[in-house]
$ cat input-v3.csv   # CSV, C-alpha atoms
chain,number,residue,atom,x,y,z
A,1,MET,CA,166.6,-63.3,32.9
A,2,ARG,CA,165.3,-60.6,35.2
A,3,LEU,CA,167.5,-57.8,36.4
A,4,ALA,CA,168.2,-57.0,40.0
A,5,LEU,CA,169.7,-53.5,40.2
A,6,PHE,CA,171.3,-52.2,43.3
A,7,ASP,CA,172.6,-48.8,44.4
A,8,LEU,CA,175.7,-49.1,46.5
A,9,ASP,CA,176.3,-46.4,49.0
A,10,ASN,CA,173.9,-46.4,52.0
A,11,THR,CA,172.0,-49.3,50.2
A,12,LEU,CA,174.2,-52.4,50.1
A,13,LEU,CA,176.7,-50.6,52.3
A,14,GLY,CA,176.0,-49.1,55.7
A,15,GLY,CA,177.7,-45.9,54.7
A,16,ASP,CA,179.1,-43.9,51.7
A,17,SER,CA,182.2,-45.4,50.1
A,18,ASP,CA,183.1,-42.1,48.3
A,19,HIS,CA,183.0,-40.1,51.6
A,20,ALA,CA,184.9,-42.9,53.4
A,21,TRP,CA,187.7,-42.8,50.8
A,22,GLY,CA,188.1,-39.1,51.4
A,23,ASP,CA,188.2,-39.7,55.2
A,24,TYR,CA,190.7,-42.5,54.7
A,25,LEU,CA,193.1,-40.2,52.7
A,26,CYS,CA,192.8,-37.4,55.3
A,27,GLU,CA,193.2,-39.6,58.3
A,28,ARG,CA,196.4,-41.0,57.0
A,29,GLY,CA,197.8,-37.6,56.1
A,30,ILE,CA,197.7,-38.2,52.3
A,31,LEU,CA,195.4,-35.2,51.9
A,32,ASP,CA,195.3,-32.0,54.0
A,33,PRO,CA,192.2,-32.6,56.1
A,34,VAL,CA,191.3,-28.9,56.5
A,35,GLU,CA,191.7,-27.9,52.9
A,36,TYR,CA,190.0,-31.0,51.6
A,37,GLN,CA,187.1,-30.7,54.1
A,38,ASN,CA,186.5,-27.1,53.3
A,39,ARG,CA,186.3,-27.7,49.6
A,40,ASN,CA,184.2,-30.9,50.1
A,41,ASP,CA,181.8,-28.9,52.4
A,42,ALA,CA,181.4,-26.2,49.7
A,43,PHE,CA,180.5,-28.8,47.1
A,44,TYR,CA,178.0,-30.4,49.5
A,45,GLN,CA,176.3,-27.0,50.1
A,46,ASP,CA,176.0,-26.6,46.3
A,47,TYR,CA,174.5,-30.1,46.2
A,48,LEU,CA,171.9,-29.2,48.9
A,49,ALA,CA,171.1,-26.0,47.0
A,50,GLY,CA,170.6,-28.0,43.8
A,51,LYS,CA,173.4,-26.3,41.9
A,52,LEU,CA,176.2,-28.8,42.2
A,53,ASN,CA,178.6,-28.8,39.2
A,54,LEU,CA,179.2,-32.5,39.1
A,55,ASN,CA,182.2,-32.3,36.7
A,56,ASP,CA,183.9,-29.8,39.0
A,57,TYR,CA,183.3,-32.1,42.0
A,58,LEU,CA,184.6,-35.1,40.1
A,59,ASN,CA,187.7,-33.2,39.1
A,60,PHE,CA,188.2,-32.3,42.7
A,61,SER,CA,187.7,-35.8,44.1
A,62,LEU,CA,189.7,-37.6,41.3
A,63,GLU,CA,192.7,-35.3,41.5
A,64,ILE,CA,194.5,-37.6,43.9
A,65,LEU,CA,194.4,-40.4,41.3
A,66,ALA,CA,196.4,-38.4,38.8
A,67,LYS,CA,199.1,-37.6,41.4
A,68,THR,CA,199.7,-41.1,42.5
A,69,GLU,CA,201.4,-44.2,41.0
A,70,MET,CA,199.1,-47.1,40.3
A,71,ALA,CA,201.0,-49.4,42.7
A,72,GLN,CA,200.5,-47.0,45.5
A,73,LEU,CA,196.8,-46.5,44.7
A,74,ASP,CA,196.3,-50.3,44.7
A,75,GLU,CA,198.1,-50.5,48.1
A,76,TRP,CA,195.9,-47.7,49.6
A,77,HIS,CA,192.8,-49.3,48.2
A,78,ARG,CA,193.6,-52.7,49.8
A,79,ASP,CA,194.0,-50.9,53.2
A,80,PHE,CA,190.8,-49.0,52.5
A,81,MET,CA,188.8,-52.1,51.8
A,82,ARG,CA,190.1,-53.8,55.0
A,83,ASP,CA,189.7,-50.8,57.3
A,84,CYS,CA,186.8,-48.9,55.9
A,85,VAL,CA,184.7,-51.0,53.6
A,86,GLU,CA,184.5,-54.4,55.3
A,87,PRO,CA,183.0,-52.9,58.5
A,88,ILE,CA,180.1,-51.3,56.6
A,89,ILE,CA,179.2,-54.4,54.4
A,90,LEU,CA,175.7,-55.3,55.6
A,91,PRO,CA,175.0,-59.0,56.3
A,92,LYS,CA,171.4,-58.5,55.2
A,93,ALA,CA,172.7,-57.0,51.9
A,94,LEU,CA,174.7,-60.1,51.3
A,95,SER,CA,171.7,-62.2,51.9
A,96,LEU,CA,169.6,-60.1,49.5
A,97,LEU,CA,172.2,-60.5,46.8
A,98,GLU,CA,172.2,-64.2,47.4
A,99,GLU,CA,168.4,-64.4,47.2
A,100,HIS,CA,168.4,-62.8,43.8
A,101,ARG,CA,171.4,-64.9,42.7
A,102,ALA,CA,169.6,-68.1,43.7
A,103,ALA,CA,166.5,-66.9,41.8
A,104,GLY,CA,168.6,-66.7,38.6
A,105,ASP,CA,168.5,-62.9,38.3
A,106,LYS,CA,171.3,-60.9,36.7
A,107,LEU,CA,172.9,-58.7,39.4
A,108,VAL,CA,174.0,-55.2,38.6
A,109,ILE,CA,175.4,-52.5,40.9
A,110,ILE,CA,174.7,-49.0,39.5
A,111,THR,CA,176.4,-46.2,41.4
A,112,ALA,CA,177.5,-42.6,41.1
A,113,THR,CA,180.7,-43.3,42.9
A,114,ASN,CA,183.7,-43.8,40.6
A,115,ARG,CA,184.9,-47.1,39.4
A,116,PHE,CA,188.3,-46.9,41.1
A,117,ILE,CA,186.6,-46.9,44.5
A,118,THR,CA,183.7,-49.2,43.6
A,119,GLY,CA,185.3,-51.9,41.4
A,120,PRO,CA,186.9,-53.8,44.2
A,121,ILE,CA,183.7,-53.4,46.3
A,122,ALA,CA,181.5,-54.9,43.6
A,123,LYS,CA,184.0,-57.8,43.3
A,124,ARG,CA,183.9,-58.3,47.1
A,125,LEU,CA,180.1,-58.5,47.0
A,126,GLY,CA,180.3,-61.0,44.2
A,127,VAL,CA,178.6,-58.8,41.6
A,128,GLN,CA,180.2,-59.0,38.2
A,129,THR,CA,178.4,-56.1,36.4
A,130,LEU,CA,179.1,-52.6,37.7
A,131,LEU,CA,177.9,-49.4,36.2
A,132,ALA,CA,179.8,-46.5,37.8
A,133,THR,CA,181.1,-43.1,37.1
A,134,GLU,CA,184.2,-43.7,34.9
A,135,CYS,CA,187.7,-42.4,35.6
A,136,GLU,CA,189.7,-41.4,32.5
A,137,MET,CA,193.0,-43.2,32.0
A,138,ILE,CA,195.8,-42.1,29.7
A,139,ASP,CA,198.9,-44.3,29.0
A,140,GLY,CA,198.0,-46.6,31.9
A,141,ARG,CA,197.5,-43.8,34.5
A,142,TYR,CA,194.5,-41.9,35.8
A,143,SER,CA,194.2,-38.4,34.4
A,144,GLY,CA,192.2,-37.1,37.3
A,145,ARG,CA,189.2,-36.5,35.1
A,146,SER,CA,186.0,-38.4,34.6
A,147,THR,CA,184.9,-39.7,31.3
A,148,ASP,CA,181.6,-40.8,29.8
A,149,ILE,CA,178.2,-39.8,31.3
A,150,PRO,CA,178.4,-39.6,35.1
A,151,CYS,CA,176.3,-42.4,36.6
A,152,PHE,CA,174.2,-39.9,38.6
A,153,ARG,CA,170.5,-39.1,38.7
A,154,GLU,CA,169.1,-39.2,35.1
A,155,GLY,CA,172.6,-40.3,34.0
A,156,LYS,CA,172.0,-43.6,35.7
A,157,VAL,CA,169.0,-44.2,33.4
A,158,THR,CA,171.0,-43.2,30.4
A,159,ARG,CA,173.9,-45.4,31.2
A,160,LEU,CA,171.6,-48.3,32.1
A,161,ASN,CA,169.6,-48.0,28.8
A,162,ARG,CA,172.8,-48.1,26.8
A,163,TRP,CA,173.9,-51.2,28.7
A,164,LEU,CA,170.5,-52.8,28.1
A,165,LEU,CA,170.9,-52.3,24.3
A,166,GLU,CA,174.5,-53.5,24.3
A,167,ASN,CA,173.8,-56.7,26.3
A,168,GLY,CA,170.3,-57.7,25.2
A,169,PHE,CA,168.5,-57.2,28.5
A,170,SER,CA,165.2,-55.4,29.3
A,171,LEU,CA,163.6,-54.0,32.4
A,172,GLU,CA,160.8,-56.6,32.3
A,173,GLY,CA,160.4,-57.9,35.8
A,174,SER,CA,163.3,-55.8,37.0
A,175,HIS,CA,164.0,-54.7,40.6
A,176,PHE,CA,165.9,-51.7,41.8
A,177,TYR,CA,167.0,-51.1,45.4
A,178,SER,CA,168.1,-47.6,46.5
A,179,ASP,CA,168.2,-45.3,49.5
A,180,SER,CA,168.2,-42.0,47.7
A,181,MET,CA,165.7,-39.5,46.1
A,182,ASN,CA,168.5,-38.9,43.6
A,183,ASP,CA,167.6,-42.3,42.1
A,184,LEU,CA,163.9,-41.4,41.5
A,185,ALA,CA,164.2,-41.5,37.7
A,186,LEU,CA,165.6,-45.1,37.8
A,187,LEU,CA,163.1,-46.2,40.5
A,188,GLU,CA,160.3,-45.0,38.2
A,189,ALA,CA,161.8,-47.0,35.3
A,190,VAL,CA,161.8,-50.5,36.8
A,191,GLU,CA,158.9,-52.8,37.5
A,192,HIS,CA,159.7,-53.3,41.2
A,193,PRO,CA,161.2,-50.2,42.9
A,194,ILE,CA,162.3,-50.8,46.5
A,195,ALA,CA,163.3,-48.1,48.9
A,196,VAL,CA,166.1,-49.3,51.2
A,197,ASP,CA,166.6,-47.4,54.5
A,198,PRO,CA,165.5,-44.4,52.5
A,199,ASP,CA,166.2,-40.7,53.0
A,200,PRO,CA,163.2,-38.7,54.2
A,201,ASN,CA,162.2,-37.5,50.7
A,202,LEU,CA,162.4,-41.0,49.2
A,203,ARG,CA,160.5,-42.5,52.1
A,204,ALA,CA,157.7,-40.0,51.6
A,205,GLU,CA,157.7,-40.7,47.9
A,206,ALA,CA,157.7,-44.4,48.4
A,207,GLU,CA,154.8,-44.3,50.8
A,208,LYS,CA,152.8,-42.1,48.5
A,209,ARG,CA,153.3,-44.4,45.6
A,210,GLY,CA,153.0,-47.6,47.5
A,211,TRP,CA,156.5,-48.8,46.9
A,212,ARG,CA,158.1,-51.4,49.2
A,213,VAL,CA,160.3,-50.0,51.9
A,214,ILE,CA,162.8,-52.3,53.6
A,215,SER,CA,165.8,-52.1,55.9
A,216,LEU,CA,169.1,-53.9,55.5
A,217,ARG,CA,170.5,-52.6,58.8
A,218,GLY,CA,170.2,-53.9,62.3
$ encode --input "input-v3.csv" --output "structure tokens"
Amino acid sequence: MRLALFDLDNTLLGGDSDHAWGDYLCERGILDPVEYQNRNDAFYQDYLAGKLNLNDYLNFSLEILAKTEMAQLDEWHRDFMRDCVEPIILPKALSLLEEHRAAGDKLVIITATNRFITGPIAKRLGVQTLLATECEMIDGRYSGRSTDIPCFREGKVTRLNRWLLENGFSLEGSHFYSDSMNDLALLEAVEHPIAVDPDPNLRAEAEKRGWRVISLRG
């Protein structure tokens, strides 16, 4: 069985679910919009400068999970799915997933965004296997910290290789769809790398290497 691997944000979705979750919390007054935005902007500048401390960012973005009862988080997430995620699900992405499903491929979403946000999204898209950045839980509640290797850049390859060993799959005949240069290492690892509405750096790289470039928008 071949693998069909998909990035999530700005690939299968017409936006970024992690960013949308922050917007959702701020717009509803759950988080202070000024304080949150200032800290988020600082992390983004570090990201642009290539010096992002990913663990610090995850501790920042996951803090709200530790402060909130699970029932409340579930209620917020249901509203978030309805108001923020459904509008950015791309019909062409659903068709692409169905194309690979009909071909008998094993569908896997692999994303840097944490599992709390992305688990229900993967379920909505009909994809059973999700590799995501993991949120630590202690005694049935989120701790506000991440655990395991973050599913980001080379971490995606590490997490995927472990999953391959544990589940008896290989990358023979595999496809990977992504919009981001951050996923270069995984794009290089598969047999069929596909750039989806790529950022400028990935578009240039894809054109240089002769990789397929497609759009799921419009």
$ closest_residue --input "input-v3.csv" --among "A:Val85, A:Ala20, A:Leu13, A:Ile121" --to "A:Leu216" --atoms "all atoms listed in the file"
A:Leu13
$ closest_residue --input "input-v3.csv" --among "A:Pro91, A:Pro120, A:Leu58, A:Glu136" --to "A:Asp74" --atoms "only C-alpha atoms"
A:Pro120
$ closest_residue --input "input-v3.csv" --among "A:Asp9, A:Glu98, A:Glu63, A:Glu27" --to "A:Gly144" --atoms "all atoms listed in the file"
A:Glu63
$ atom_distance --input "input-v3.csv" --atom1 "atom CA of A:Glu75" --atom2 "atom CA of A:Asp32"
19.6 Å
$ atom_distance --input "input-v3.csv" --atom1 "atom CA of A:Gly29" --atom2 "atom CA of A:Gly140"
25.8 Å
$ atom_distance --input "input-v3.csv" --atom1 "atom CA of A:Leu107" --atom2 "atom CA of A:Pro200"
26.7 Å
$ residues_around --input "input-v3.csv" --residues "A:Ser143" --least-positions-apart "5" --cutoff "12 Å" --atoms "only C-alpha atoms" --output "number ranges by chain"
A: 58-70, 134-138
$ write_last_selection --input "input-v3.csv" --atoms "C-alpha atoms" --output "short mmCIF file (atom, residue, chain, number, x, y, z; two decimals), keeping the file's coordinate frame"
data_model
loop_
_atom_site.label_atom_id
_atom_site.label_comp_id
_atom_site.auth_asym_id
_atom_site.auth_seq_id
_atom_site.Cartn_x
_atom_site.Cartn_y
_atom_site.Cartn_z
CA LEU A 58 184.60 -35.10 40.10
CA ASN A 59 187.70 -33.20 39.10
CA PHE A 60 188.20 -32.30 42.70
CA SER A 61 187.70 -35.80 44.10
CA LEU A 62 189.70 -37.60 41.30
CA GLU A 63 192.70 -35.30 41.50
CA ILE A 64 194.50 -37.60 43.90
CA LEU A 65 194.40 -40.40 41.30
CA ALA A 66 196.40 -38.40 38.80
CA LYS A 67 199.10 -37.60 41.40
CA THR A 68 199.70 -41.10 42.50
CA GLU A 69 201.40 -44.20 41.00
CA MET A 70 199.10 -47.10 40.30
CA GLU A 134 184.20 -43.70 34.90
CA CYS A 135 187.70 -42.40 35.60
CA GLU A 136 189.70 -41.40 32.50
CA MET A 137 193.00 -43.20 32.00
CA ILE A 138 195.80 -42.10 29.70
#
$ residues_around --input "input-v3.csv" --residues "A:Leu131" --least-positions-apart "5" --cutoff "9 Å" --atoms "all atoms listed in the file" --output "ChimeraX atom specification"
/A:108-112,115,151,156,159-160,163
$ residues_around --input "input-v3.csv" --residues "A:Met81" --least-positions-apart "6" --cutoff "10 Å" --atoms "all atoms listed in the file" --output "list in words"
Ser17, Trp21, Pro87, Ile88, Ile117, Pro120, Ile121 and Arg124 of chain A
$ closest_residue --input "input-v3.csv" --among "A:Leu73, A:Ile214, A:Ala185, A:Val127" --to "A:Asp105" --atoms "all atoms listed in the file"
A:Val127
